[in-house]
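Engineer: Submitted below is the structure of interest, expressed as structure tokens.
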Amino acid sequence: MRLSTFAVPHSSGPDHDIEVIDAVIERSLRADEGGFAGVYLPEHHFTSYAPYSSNFMLASYLAPQFRQAHLGLSVAVVGLHHPARLAEQANLLDVLTRGRFVLGLGTGGIHMESLGFGLEAEEMGPQFDKNFEVVEQLWAKEFDDEPVTFDVGHYRGTLHQRIMPTSYRRPHPIVKLATFHEDRLLRAAAKGWAVFTTPQMMATYRDALAAAGHDEATTEIALRWSCVGGSIHVAETDQQAYQEVAEGNRLRAEGGRLATIGKPHFGMPNPWPIDPTSAAPVLPPRAAPDSPEGINAVLHGSPETVIAKLKELEALSGAREAVFEFDWGINTPERRAAIDRSLQLLIDEVLPHFAA
């Protein structure tokens with residue numbers, strides 16, 4: 001199993017955005033230099049969450065600076081993108097990285113974000129399906145083929161010649177679908193896409209991928225880049241890691257409140273898709289009744305403890321990649337220092353125990 005990371009910090013407001021973006025860039029470059037397999041960038045809008053907004057633009061900035069890691073999106077919210085533009089931008093990043101680009105796809109989950117682009121939350125799933133079907137048609141169109149005309153409701157157009165540039169990988173960049181639903185997992189397997197999913201669903205995905213009859217190269221790429229993940233924090237001792245995760249969770253909750261308190265949100269009580277006090281779990285929670293809410297959802301501990309937990313995750317899922325966030329919450333000076341120490345311990349003490 002290889003380890004990758006994704007960046008999901010909160011900004012406490014307009015005066016904090018630049019500092020947060022600078023930190024994402026610096027940590028992404030450290031992750032590449034330190035030996036992480038990939039660095040993934042999410043897409044969010046209009047909240048305090050990941051304030052760079054355009055993961056395509058930030059990835060384009062990072063691409064020429066990366067030396068070995070894959071550069072991915074976690075994810076492109078497909079319903080918010082014109083299909084032709086999405087096809088072009090993905091191909092360009094594939095060229096800039098010489099095939100080390102992973103186009104992560106998702107439907108999105110924050111109502112306030114979709115409303116800013118003129119879509120209701122319930123439209124995002126159907127819009128994903130319509131938009132990406134067109135993306136695949138546009139990727140496949142050759143110069144002399146008949147024009148491709150499309151109207152997906154929110155976007156429309158006609159492609160007369162071809163999408164340019166062509167992708168570095170053929171027939172298109174690596175595609176990875178983020179899903180926790182079996183029907184979409186099976187669809188990804190049928191398409192030959194990689195997935196970001198739960199450890200418990202990986203076996204279902206592998207079986208479906210094997211049954212789909214893809215060629216060996218397609219199957220290998222899909223398995224290599226399919227992943228599980230969540231949140232991670234490493235400190236010198238288990239107790240220190242516990243305390244720092246508790247503080248990170250508190251700041252994560254504060255970040256959720258900063259996105260909602262004192263601002264109109266179209267009648268919605270909370271624009272966040274999950275409880276902002278907890279991170280996505282990667283292992284079954286361990287009983288700890290005196291823990292802050294969400295503490296057991298973060299894989300945390302000393303380097304030795306984290307290595308053991310990651311080996312457990314590897315055995316549970318069979319995944320060949322695990323993708324973790326390590327910079328959740330608002331970056332106070334103390335929190336920044338804890339994040340930086342955690343990242344360095346991951347590089348120095350944890351990564352050598354896993355695949356390059």
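Every chain in the structure tokens has a letter given in the order shown (A, B, ...), and although residue numbers restart at 1 in each chain, ligands are simply numbered from 1 in the order shown.
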Contacts of A:His181 at 10 Å or less, counting only C-alpha atoms, minus same-chain residues fewer than 3 places along, as a PyMOL selection string?
Structural biologist: chain A and resi 178+184-186+197-198+201
Engineer: Would you output that residue set with C-alpha atoms, as a PDB file, in the first residue's frame?
Structural biologist:
ATOM      1  CA  ALA A 178     -15.357   8.987  -5.124  1.00  0.00           C
ATOM      2  CA  ARG A 184     -21.892   3.770  -8.499  1.00  0.00           C
ATOM      3  CA  LEU A 185     -19.070   1.492  -7.384  1.00  0.00           C
ATOM      4  CA  LEU A 186     -20.256  -1.129  -9.870  1.00  0.00           C
ATOM      5  CA  THR A 197     -14.307   4.239  -1.275  1.00  0.00           C
ATOM      6  CA  THR A 198     -14.532   2.496   2.097  1.00  0.00           C
ATOM      7  CA  MET A 201     -16.437  -1.941  -0.260  1.00  0.00           C
TER       8      MET A 201
END
Engineer: Do you know which residues are at most 12 Å from A:Ile174 counting only C-alpha atoms, after dropping those on the same chain fewer than 6 positions away, and could you put them as JSON, numbers by chain?
Structural biologist: {"A": [70, 71, 72, 73, 90, 91, 93, 94, 97, 98, 99, 100, 101, 102, 103, 104, 105, 167, 168, 191, 192, 193, 194, 195, 217, 218, 219, 220, 221, 222, 223, 224, 225, 226]}
Engineer: Mind the document's chain letters and residue numbers, and return as a PyMOL selection string the residues of stretch 38-95 of chain A that DSSP labels alpha helix (DSSP H).
Structural biologist: chain A and resi 55-62+83-95
Engineer: According to DSSP computed on the backbone, where in stretch 15-251 of chain A is there strand (DSSP E)? Give the residues as an mmCIF file with N, CA, C and O atoms, in the first residue's frame.
Structural biologist:
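Final output, selection_22.cif:
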data_model
loop_
_atom_site.group_PDB
_atom_site.id
_atom_site.type_symbol
_atom_site.label_atom_id
_atom_site.label_comp_id
_atom_site.auth_asym_id
_atom_site.auth_seq_id
_atom_site.Cartn_x
_atom_site.Cartn_y
_atom_site.Cartn_z
ATOM 1 N N GLY A 38 0.976 10.415 -3.994
ATOM 2 C CA GLY A 38 0.133 11.376 -4.687
ATOM 3 C C GLY A 38 -0.303 12.486 -3.761
ATOM 4 O O GLY A 38 -0.314 12.331 -2.534
ATOM 5 N N VAL A 39 -0.653 13.617 -4.354
ATOM 6 C CA VAL A 39 -1.222 14.754 -3.624
ATOM 7 C C VAL A 39 -2.515 15.122 -4.328
ATOM 8 O O VAL A 39 -2.535 15.330 -5.548
ATOM 9 N N TYR A 40 -3.615 15.178 -3.561
ATOM 10 C CA TYR A 40 -4.938 15.432 -4.117
ATOM 11 C C TYR A 40 -5.491 16.751 -3.588
ATOM 12 O O TYR A 40 -5.283 17.101 -2.419
ATOM 13 N N LEU A 41 -6.216 17.462 -4.444
ATOM 14 C CA LEU A 41 -6.765 18.770 -4.111
ATOM 15 C C LEU A 41 -8.278 18.752 -4.281
ATOM 16 O O LEU A 41 -8.773 18.425 -5.367
ATOM 17 N N HIS A 70 2.125 11.666 -8.085
ATOM 18 C CA HIS A 70 0.955 11.950 -8.906
ATOM 19 C C HIS A 70 0.224 13.151 -8.319
ATOM 20 O O HIS A 70 0.265 13.408 -7.113
ATOM 21 N N LEU A 71 -0.447 13.880 -9.176
ATOM 22 C CA LEU A 71 -1.211 15.059 -8.777
ATOM 23 C C LEU A 71 -2.667 14.800 -9.142
ATOM 24 O O LEU A 71 -2.984 14.519 -10.297
ATOM 25 N N GLY A 72 -3.547 14.844 -8.140
ATOM 26 C CA GLY A 72 -4.927 14.465 -8.392
ATOM 27 C C GLY A 72 -5.923 15.470 -7.858
ATOM 28 O O GLY A 72 -5.582 16.373 -7.086
ATOM 29 N N LEU A 73 -7.164 15.309 -8.277
ATOM 30 C CA LEU A 73 -8.280 16.108 -7.776
ATOM 31 C C LEU A 73 -9.140 15.220 -6.893
ATOM 32 O O LEU A 73 -9.456 14.084 -7.256
ATOM 33 N N ALA A 76 -13.079 16.765 -8.698
ATOM 34 C CA ALA A 76 -13.792 17.730 -9.524
ATOM 35 C C ALA A 76 -15.285 17.467 -9.360
ATOM 36 O O ALA A 76 -15.742 16.338 -9.544
ATOM 37 N N VAL A 77 -16.037 18.491 -8.969
ATOM 38 C CA VAL A 77 -17.485 18.350 -8.811
ATOM 39 C C VAL A 77 -18.105 18.489 -10.201
ATOM 40 O O VAL A 77 -18.301 19.594 -10.712
ATOM 41 N N PHE A 101 -1.390 12.450 -13.581
ATOM 42 C CA PHE A 101 -2.588 13.176 -13.155
ATOM 43 C C PHE A 101 -3.718 12.186 -12.926
ATOM 44 O O PHE A 101 -3.905 11.253 -13.707
ATOM 45 N N VAL A 102 -4.453 12.392 -11.831
ATOM 46 C CA VAL A 102 -5.608 11.551 -11.508
ATOM 47 C C VAL A 102 -6.836 12.450 -11.454
ATOM 48 O O VAL A 102 -6.928 13.342 -10.594
ATOM 49 N N LEU A 103 -7.764 12.242 -12.366
ATOM 50 C CA LEU A 103 -8.998 13.026 -12.397
ATOM 51 C C LEU A 103 -10.005 12.391 -11.449
ATOM 52 O O LEU A 103 -10.736 11.470 -11.813
ATOM 53 N N GLY A 104 -10.022 12.872 -10.206
ATOM 54 C CA GLY A 104 -11.029 12.430 -9.261
ATOM 55 C C GLY A 104 -12.361 13.089 -9.567
ATOM 56 O O GLY A 104 -12.423 14.281 -9.878
ATOM 57 N N LEU A 105 -13.433 12.313 -9.476
ATOM 58 C CA LEU A 105 -14.770 12.786 -9.819
ATOM 59 C C LEU A 105 -15.710 12.611 -8.635
ATOM 60 O O LEU A 105 -15.626 11.618 -7.904
ATOM 61 N N GLY A 106 -16.641 13.553 -8.463
ATOM 62 C CA GLY A 106 -17.652 13.427 -7.427
ATOM 63 C C GLY A 106 -18.858 14.282 -7.726
ATOM 64 O O GLY A 106 -18.842 15.132 -8.629
ATOM 65 N N VAL A 148 -20.210 16.443 -32.407
ATOM 66 C CA VAL A 148 -20.914 15.996 -31.212
ATOM 67 C C VAL A 148 -21.688 17.182 -30.660
ATOM 68 O O VAL A 148 -21.100 18.185 -30.248
ATOM 69 N N THR A 149 -23.002 17.088 -30.687
ATOM 70 C CA THR A 149 -23.866 18.139 -30.151
ATOM 71 C C THR A 149 -24.478 17.641 -28.850
ATOM 72 O O THR A 149 -24.944 16.495 -28.778
ATOM 73 N N PHE A 150 -24.477 18.485 -27.834
ATOM 74 C CA PHE A 150 -24.995 18.057 -26.536
ATOM 75 C C PHE A 150 -25.758 19.196 -25.880
ATOM 76 O O PHE A 150 -25.506 20.373 -26.109
ATOM 77 N N ASP A 151 -26.721 18.786 -25.080
ATOM 78 C CA ASP A 151 -27.499 19.710 -24.251
ATOM 79 C C ASP A 151 -27.820 18.964 -22.967
ATOM 80 O O ASP A 151 -28.655 18.061 -22.953
ATOM 81 N N ARG A 156 -24.627 23.404 -22.849
ATOM 82 C CA ARG A 156 -24.842 22.835 -24.176
ATOM 83 C C ARG A 156 -23.699 23.269 -25.087
ATOM 84 O O ARG A 156 -22.925 24.164 -24.760
ATOM 85 N N GLY A 157 -23.582 22.617 -26.238
ATOM 86 C CA GLY A 157 -22.535 22.975 -27.185
ATOM 87 C C GLY A 157 -22.440 21.978 -28.320
ATOM 88 O O GLY A 157 -23.148 20.968 -28.345
ATOM 89 N N THR A 158 -21.557 22.274 -29.266
ATOM 90 C CA THR A 158 -21.262 21.383 -30.392
ATOM 91 C C THR A 158 -19.765 21.372 -30.612
ATOM 92 O O THR A 158 -19.146 22.428 -30.767
ATOM 93 N N LEU A 159 -19.174 20.193 -30.614
ATOM 94 C CA LEU A 159 -17.754 20.035 -30.917
ATOM 95 C C LEU A 159 -17.620 19.573 -32.355
ATOM 96 O O LEU A 159 -18.074 18.487 -32.707
ATOM 97 N N ILE A 174 -6.140 9.120 -16.045
ATOM 98 C CA ILE A 174 -6.668 8.229 -15.020
ATOM 99 C C ILE A 174 -7.922 8.865 -14.425
ATOM 100 O O ILE A 174 -7.929 10.040 -14.068
ATOM 101 N N VAL A 175 -8.988 8.089 -14.313
ATOM 102 C CA VAL A 175 -10.256 8.557 -13.746
ATOM 103 C C VAL A 175 -10.519 7.792 -12.455
ATOM 104 O O VAL A 175 -10.384 6.565 -12.414
ATOM 105 N N LYS A 176 -10.887 8.535 -11.396
ATOM 106 C CA LYS A 176 -11.175 7.911 -10.098
ATOM 107 C C LYS A 176 -12.457 8.507 -9.540
ATOM 108 O O LYS A 176 -12.562 9.716 -9.367
ATOM 109 N N LEU A 177 -13.428 7.647 -9.265
ATOM 110 C CA LEU A 177 -14.727 8.085 -8.762
ATOM 111 C C LEU A 177 -14.783 7.956 -7.245
ATOM 112 O O LEU A 177 -14.502 6.889 -6.695
ATOM 113 N N ALA A 178 -15.138 9.033 -6.574
ATOM 114 C CA ALA A 178 -15.357 8.987 -5.124
ATOM 115 C C ALA A 178 -16.797 8.565 -4.868
ATOM 116 O O ALA A 178 -17.739 9.267 -5.262
ATOM 117 N N ALA A 194 -10.791 3.846 -11.469
ATOM 118 C CA ALA A 194 -10.420 3.631 -10.079
ATOM 119 C C ALA A 194 -11.504 4.234 -9.185
ATOM 120 O O ALA A 194 -12.374 4.979 -9.650
ATOM 121 N N VAL A 195 -11.449 3.919 -7.881
ATOM 122 C CA VAL A 195 -12.439 4.452 -6.939
ATOM 123 C C VAL A 195 -11.756 4.917 -5.649
ATOM 124 O O VAL A 195 -10.703 4.410 -5.262
ATOM 125 N N PHE A 196 -12.371 5.879 -5.018
ATOM 126 C CA PHE A 196 -12.089 6.248 -3.630
ATOM 127 C C PHE A 196 -13.319 5.805 -2.844
ATOM 128 O O PHE A 196 -14.409 6.341 -3.022
ATOM 129 N N CYS A 227 -8.469 3.601 -3.872
ATOM 130 C CA CYS A 227 -7.928 3.905 -2.550
ATOM 131 C C CYS A 227 -9.023 4.001 -1.497
ATOM 132 O O CYS A 227 -10.210 4.118 -1.792
ATOM 133 N N VAL A 228 -8.553 3.947 -0.261
ATOM 134 C CA VAL A 228 -9.356 4.249 0.920
ATOM 135 C C VAL A 228 -8.653 5.399 1.631
ATOM 136 O O VAL A 228 -7.577 5.826 1.227
ATOM 137 N N GLY A 229 -9.251 5.897 2.698
ATOM 138 C CA GLY A 229 -8.561 6.966 3.397
ATOM 139 C C GLY A 229 -9.407 7.641 4.446
ATOM 140 O O GLY A 229 -10.469 7.160 4.828
ATOM 141 N N GLY A 230 -8.945 8.782 4.905
ATOM 142 C CA GLY A 230 -9.599 9.533 5.965
ATOM 143 C C GLY A 230 -8.661 10.592 6.492
ATOM 144 O O GLY A 230 -7.993 11.276 5.727
ATOM 145 N N SER A 231 -8.548 10.701 7.809
ATOM 146 C CA SER A 231 -7.704 11.704 8.453
ATOM 147 C C SER A 231 -6.609 11.010 9.247
ATOM 148 O O SER A 231 -6.797 9.897 9.748
ATOM 149 N N ILE A 232 -5.460 11.681 9.366
ATOM 150 C CA ILE A 232 -4.320 11.074 10.044
ATOM 151 C C ILE A 232 -3.555 12.137 10.814
ATOM 152 O O ILE A 232 -3.514 13.309 10.402
ATOM 153 N N HIS A 233 -2.979 11.731 11.947
ATOM 154 C CA HIS A 233 -2.122 12.649 12.699
ATOM 155 C C HIS A 233 -1.094 11.835 13.475
ATOM 156 O O HIS A 233 -1.434 10.864 14.153
ATOM 157 N N VAL A 234 0.166 12.248 13.366
ATOM 158 C CA VAL A 234 1.262 11.570 14.032
ATOM 159 C C VAL A 234 1.941 12.548 14.978
ATOM 160 O O VAL A 234 2.159 13.716 14.636
#
Engineer: For a quick check of understanding, using only C-alpha atoms, which of A:Val75, A:Leu343, A:Val8, A:Ile163 has the smallest distance to A:Leu29?
Structural biologist: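 When distances to A:Leu29 are compared using only C-alpha atoms, the smallest one comes from A:Leu343.
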Engineer: Any idea what's packed within 12 Å of A:Asp348, counting only C-alpha atoms, ignoring anything in its chain fewer than 3 positions away? Could you give it as a ChimeraX atom specification?
Structural biologist: /A:30-31,33-36,234,303,341-345,351-354
Engineer: Could you pull the residues within 12 Å of A:Ala241, counting only C-alpha atoms, minus those fewer than 4 positions along the same chain, as a compact mmCIF listing (two decimals) with all heavy atoms, in the first residue's frame?
Structural biologist:
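Okay, this is what ended up in result.txt:
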# COMPACT_ATOMS: atom_id res chain seq x y z
N ILE A 232 -5.46 11.68 9.37
CA ILE A 232 -4.32 11.07 10.04
C ILE A 232 -3.56 12.14 10.81
O ILE A 232 -3.51 13.31 10.40
CB ILE A 232 -3.40 10.37 9.01
CG1 ILE A 232 -2.44 9.40 9.70
CG2 ILE A 232 -2.65 11.38 8.16
CD1 ILE A 232 -1.74 8.46 8.73
N HIS A 233 -2.98 11.73 11.95
CA HIS A 233 -2.12 12.65 12.70
C HIS A 233 -1.09 11.83 13.47
O HIS A 233 -1.43 10.86 14.15
CB HIS A 233 -2.93 13.51 13.67
CG HIS A 233 -2.09 14.56 14.33
ND1 HIS A 233 -1.71 15.71 13.68
CD2 HIS A 233 -1.53 14.62 15.58
CE1 HIS A 233 -0.97 16.45 14.50
NE2 HIS A 233 -0.84 15.80 15.65
N VAL A 234 0.17 12.25 13.37
CA VAL A 234 1.26 11.57 14.03
C VAL A 234 1.94 12.55 14.98
O VAL A 234 2.16 13.72 14.64
CB VAL A 234 2.30 11.03 13.02
CG1 VAL A 234 3.32 10.14 13.73
CG2 VAL A 234 1.61 10.26 11.91
N ALA A 235 2.27 12.08 16.17
CA ALA A 235 3.05 12.86 17.14
C ALA A 235 4.08 11.93 17.77
O ALA A 235 4.10 10.72 17.50
CB ALA A 235 2.15 13.48 18.19
N GLU A 236 4.90 12.50 18.61
CA GLU A 236 5.97 11.69 19.21
C GLU A 236 5.43 10.58 20.10
O GLU A 236 6.03 9.51 20.20
CB GLU A 236 6.93 12.59 20.00
CG GLU A 236 7.88 13.42 19.14
CD GLU A 236 7.21 14.60 18.46
OE1 GLU A 236 6.02 14.89 18.76
OE2 GLU A 236 7.85 15.25 17.61
N THR A 237 4.30 10.81 20.75
CA THR A 237 3.69 9.80 21.62
C THR A 237 2.20 9.69 21.30
O THR A 237 1.60 10.60 20.72
CB THR A 237 3.86 10.17 23.10
OG1 THR A 237 3.07 11.34 23.38
CG2 THR A 237 5.31 10.44 23.45
N VAL A 245 -5.10 15.85 18.17
CA VAL A 245 -6.29 15.55 17.38
C VAL A 245 -7.52 16.18 18.01
O VAL A 245 -8.39 16.73 17.30
CB VAL A 245 -6.47 14.03 17.23
CG1 VAL A 245 -7.84 13.69 16.66
CG2 VAL A 245 -5.39 13.46 16.32
N ALA A 246 -7.62 16.14 19.34
CA ALA A 246 -8.75 16.78 20.01
C ALA A 246 -8.81 18.26 19.67
O ALA A 246 -9.88 18.82 19.40
CB ALA A 246 -8.66 16.56 21.51
N GLU A 247 -7.65 18.91 19.68
CA GLU A 247 -7.61 20.34 19.33
C GLU A 247 -7.95 20.55 17.86
O GLU A 247 -8.68 21.48 17.50
CB GLU A 247 -6.23 20.91 19.64
CG GLU A 247 -6.03 22.36 19.24
CD GLU A 247 -6.92 23.34 19.98
OE1 GLU A 247 -7.67 22.92 20.90
OE2 GLU A 247 -6.89 24.54 19.65
N GLY A 248 -7.45 19.67 16.99
CA GLY A 248 -7.80 19.78 15.57
C GLY A 248 -9.28 19.61 15.34
O GLY A 248 -9.88 20.33 14.53
N ILE A 295 -12.83 11.67 17.90
CA ILE A 295 -11.41 11.40 18.08
C ILE A 295 -11.00 10.10 17.43
O ILE A 295 -9.94 9.98 16.82
CB ILE A 295 -11.04 11.42 19.58
CG1 ILE A 295 -9.51 11.37 19.76
CG2 ILE A 295 -11.67 10.27 20.33
CD1 ILE A 295 -8.84 12.69 19.69
N ASN A 296 -11.85 9.08 17.52
CA ASN A 296 -11.49 7.76 17.00
C ASN A 296 -11.67 7.66 15.50
O ASN A 296 -11.33 6.63 14.91
CB ASN A 296 -12.30 6.68 17.71
CG ASN A 296 -11.84 6.48 19.14
OD1 ASN A 296 -10.65 6.36 19.38
ND2 ASN A 296 -12.76 6.49 20.08
N VAL A 298 -10.08 9.63 13.54
CA VAL A 298 -8.79 10.05 13.00
C VAL A 298 -7.76 8.99 13.35
O VAL A 298 -7.59 8.64 14.52
CB VAL A 298 -8.36 11.41 13.60
CG1 VAL A 298 -7.01 11.82 13.03
CG2 VAL A 298 -9.41 12.48 13.30
N LEU A 299 -7.08 8.48 12.34
CA LEU A 299 -6.02 7.51 12.58
C LEU A 299 -4.85 8.29 13.18
O LEU A 299 -4.25 9.12 12.51
CB LEU A 299 -5.65 6.83 11.27
CG LEU A 299 -4.82 5.55 11.35
CD1 LEU A 299 -5.03 4.71 10.08
CD2 LEU A 299 -3.36 5.83 11.54
N HIS A 300 -4.53 8.01 14.45
CA HIS A 300 -3.56 8.86 15.13
C HIS A 300 -2.72 8.04 16.10
O HIS A 300 -3.07 6.93 16.50
CB HIS A 300 -4.28 9.98 15.90
CG HIS A 300 -5.13 9.48 17.03
ND1 HIS A 300 -6.39 8.92 16.82
CD2 HIS A 300 -4.92 9.45 18.37
CE1 HIS A 300 -6.91 8.58 17.99
NE2 HIS A 300 -6.03 8.88 18.95
N GLY A 301 -1.59 8.63 16.50
CA GLY A 301 -0.72 7.99 17.46
C GLY A 301 0.73 8.30 17.18
O GLY A 301 1.07 9.15 16.34
N SER A 302 1.61 7.62 17.89
CA SER A 302 3.05 7.69 17.63
C SER A 302 3.33 7.05 16.27
O SER A 302 2.47 6.35 15.71
CB SER A 302 3.80 6.95 18.73
OG SER A 302 3.51 5.56 18.63
N PRO A 303 4.53 7.23 15.72
CA PRO A 303 4.84 6.56 14.46
C PRO A 303 4.61 5.06 14.52
O PRO A 303 4.05 4.47 13.58
CB PRO A 303 6.32 6.90 14.25
CG PRO A 303 6.50 8.23 14.89
CD PRO A 303 5.62 8.18 16.11
N THR A 305 2.52 3.36 16.46
CA THR A 305 1.09 3.09 16.51
C THR A 305 0.45 3.30 15.15
O THR A 305 -0.38 2.49 14.69
CB THR A 305 0.42 3.98 17.56
OG1 THR A 305 0.95 3.66 18.85
CG2 THR A 305 -1.09 3.78 17.57
N VAL A 306 0.81 4.38 14.47
CA VAL A 306 0.22 4.68 13.16
C VAL A 306 0.62 3.64 12.13
O VAL A 306 -0.21 3.21 11.31
CB VAL A 306 0.64 6.10 12.72
CG1 VAL A 306 0.33 6.33 11.25
CG2 VAL A 306 -0.09 7.14 13.57
N PHE A 326 -4.24 15.65 6.63
CA PHE A 326 -3.55 15.86 7.90
C PHE A 326 -3.63 17.31 8.37
O PHE A 326 -3.05 17.66 9.39
CB PHE A 326 -2.07 15.45 7.79
CG PHE A 326 -1.32 16.13 6.67
CD1 PHE A 326 -0.80 17.41 6.82
CD2 PHE A 326 -1.14 15.48 5.48
CE1 PHE A 326 -0.12 18.03 5.79
CE2 PHE A 326 -0.46 16.09 4.43
CZ PHE A 326 0.05 17.37 4.59
N ARG A 335 -1.57 24.95 15.95
CA ARG A 335 -2.05 23.89 15.05
C ARG A 335 -1.12 23.73 13.85
O ARG A 335 -0.83 22.61 13.44
CB ARG A 335 -3.48 24.22 14.60
CG ARG A 335 -4.10 23.22 13.64
CD ARG A 335 -4.34 21.89 14.28
NE ARG A 335 -4.83 20.93 13.31
CZ ARG A 335 -4.56 19.63 13.33
NH1 ARG A 335 -3.82 19.13 14.29
NH2 ARG A 335 -5.05 18.83 12.41
N ALA A 338 1.82 21.71 14.93
CA ALA A 338 1.48 20.28 15.08
C ALA A 338 1.36 19.60 13.72
O ALA A 338 1.80 18.46 13.54
CB ALA A 338 0.19 20.14 15.88
N ILE A 339 0.74 20.28 12.76
CA ILE A 339 0.59 19.73 11.41
C ILE A 339 1.96 19.51 10.78
O ILE A 339 2.23 18.47 10.18
CB ILE A 339 -0.27 20.66 10.54
CG1 ILE A 339 -1.73 20.66 11.03
CG2 ILE A 339 -0.20 20.24 9.08
CD1 ILE A 339 -2.57 21.76 10.41
N ARG A 341 4.86 19.07 12.24
CA ARG A 341 5.55 17.97 12.90
C ARG A 341 4.98 16.63 12.43
O ARG A 341 5.71 15.67 12.19
CB ARG A 341 5.44 18.08 14.42
CG ARG A 341 6.26 19.19 15.04
CD ARG A 341 6.38 19.00 16.55
NE ARG A 341 5.10 18.89 17.22
CZ ARG A 341 4.38 19.91 17.67
NH1 ARG A 341 4.82 21.15 17.50
NH2 ARG A 341 3.22 19.71 18.27
N SER A 342 3.66 16.57 12.32
CA SER A 342 3.01 15.34 11.88
C SER A 342 3.47 14.97 10.47
O SER A 342 3.79 13.81 10.20
CB SER A 342 1.49 15.50 11.92
OG SER A 342 0.84 14.35 11.42
N LEU A 345 7.02 13.64 10.57
CA LEU A 345 7.07 12.28 11.13
C LEU A 345 6.53 11.26 10.12
O LEU A 345 7.06 10.14 10.02
CB LEU A 345 6.28 12.21 12.43
CG LEU A 345 6.95 12.86 13.65
CD1 LEU A 345 5.96 12.98 14.80
CD2 LEU A 345 8.17 12.04 14.08
Engineer: What is the atom CA of A:Leu119-atom CA of A:Ser60 distance in Å, reported with one decimal?
Structural biologist: 26.7 Å
Engineer: I'd like the neighbourhood of stretch 135-146 of chain A as a VMD selection string, where a residue qualifies if any of its atoms comes within 10 Å (using only C-alpha atoms), though same-chain residues fewer than 5 positions away should be ignored.
Structural biologist: chain A and resid 78 82 to 88 91 130 158 to 164 166 to 167 170 to 173
Engineer: Limited to C-alpha atoms, could you put the picked residues into a file as a short mmCIF file (atom, residue, chain, number, x, y, z; two decimals), in the first residue's frame?
Structural biologist:
data_model
loop_
_atom_site.label_atom_id
_atom_site.label_comp_id
_atom_site.auth_asym_id
_atom_site.auth_seq_id
_atom_site.Cartn_x
_atom_site.Cartn_y
_atom_site.Cartn_z
CA VAL A 78 -18.68 17.30 -12.26
CA HIS A 82 -19.07 22.57 -18.61
CA PRO A 83 -18.26 19.16 -20.18
CA ALA A 84 -15.98 20.60 -22.88
CA ARG A 85 -14.05 22.68 -20.38
CA LEU A 86 -13.68 19.71 -18.03
CA ALA A 87 -12.38 17.51 -20.86
CA GLU A 88 -9.85 20.16 -21.93
CA ASN A 91 -6.15 16.63 -20.69
CA LYS A 130 -25.20 13.76 -18.00
CA THR A 158 -21.26 21.38 -30.39
CA LEU A 159 -17.75 20.04 -30.92
CA HIS A 160 -16.86 20.07 -34.62
CA GLN A 161 -13.24 18.97 -34.57
CA ARG A 162 -11.55 17.64 -31.42
CA ILE A 163 -10.68 18.28 -27.79
CA MET A 164 -7.22 19.77 -27.47
CA THR A 166 -4.92 15.33 -26.45
CA SER A 167 -4.19 13.57 -23.17
CA ARG A 170 -4.49 7.20 -23.93
CA PRO A 171 -7.39 7.18 -24.33
CA HIS A 172 -7.77 9.65 -21.42
CA PRO A 173 -6.30 10.53 -18.02
#
Engineer: Report, in Å with one decimal, the straight-line distance from atom CA of A:Ala319 to atom CA of A:Ala188.
Structural biologist: 15.8 Å
Engineer: In Å, with one decimal, what is the gap from atom CA of A:Ala7 to atom CA of A:Pro64?
Structural biologist: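 A separation of 18.5 Å between them.
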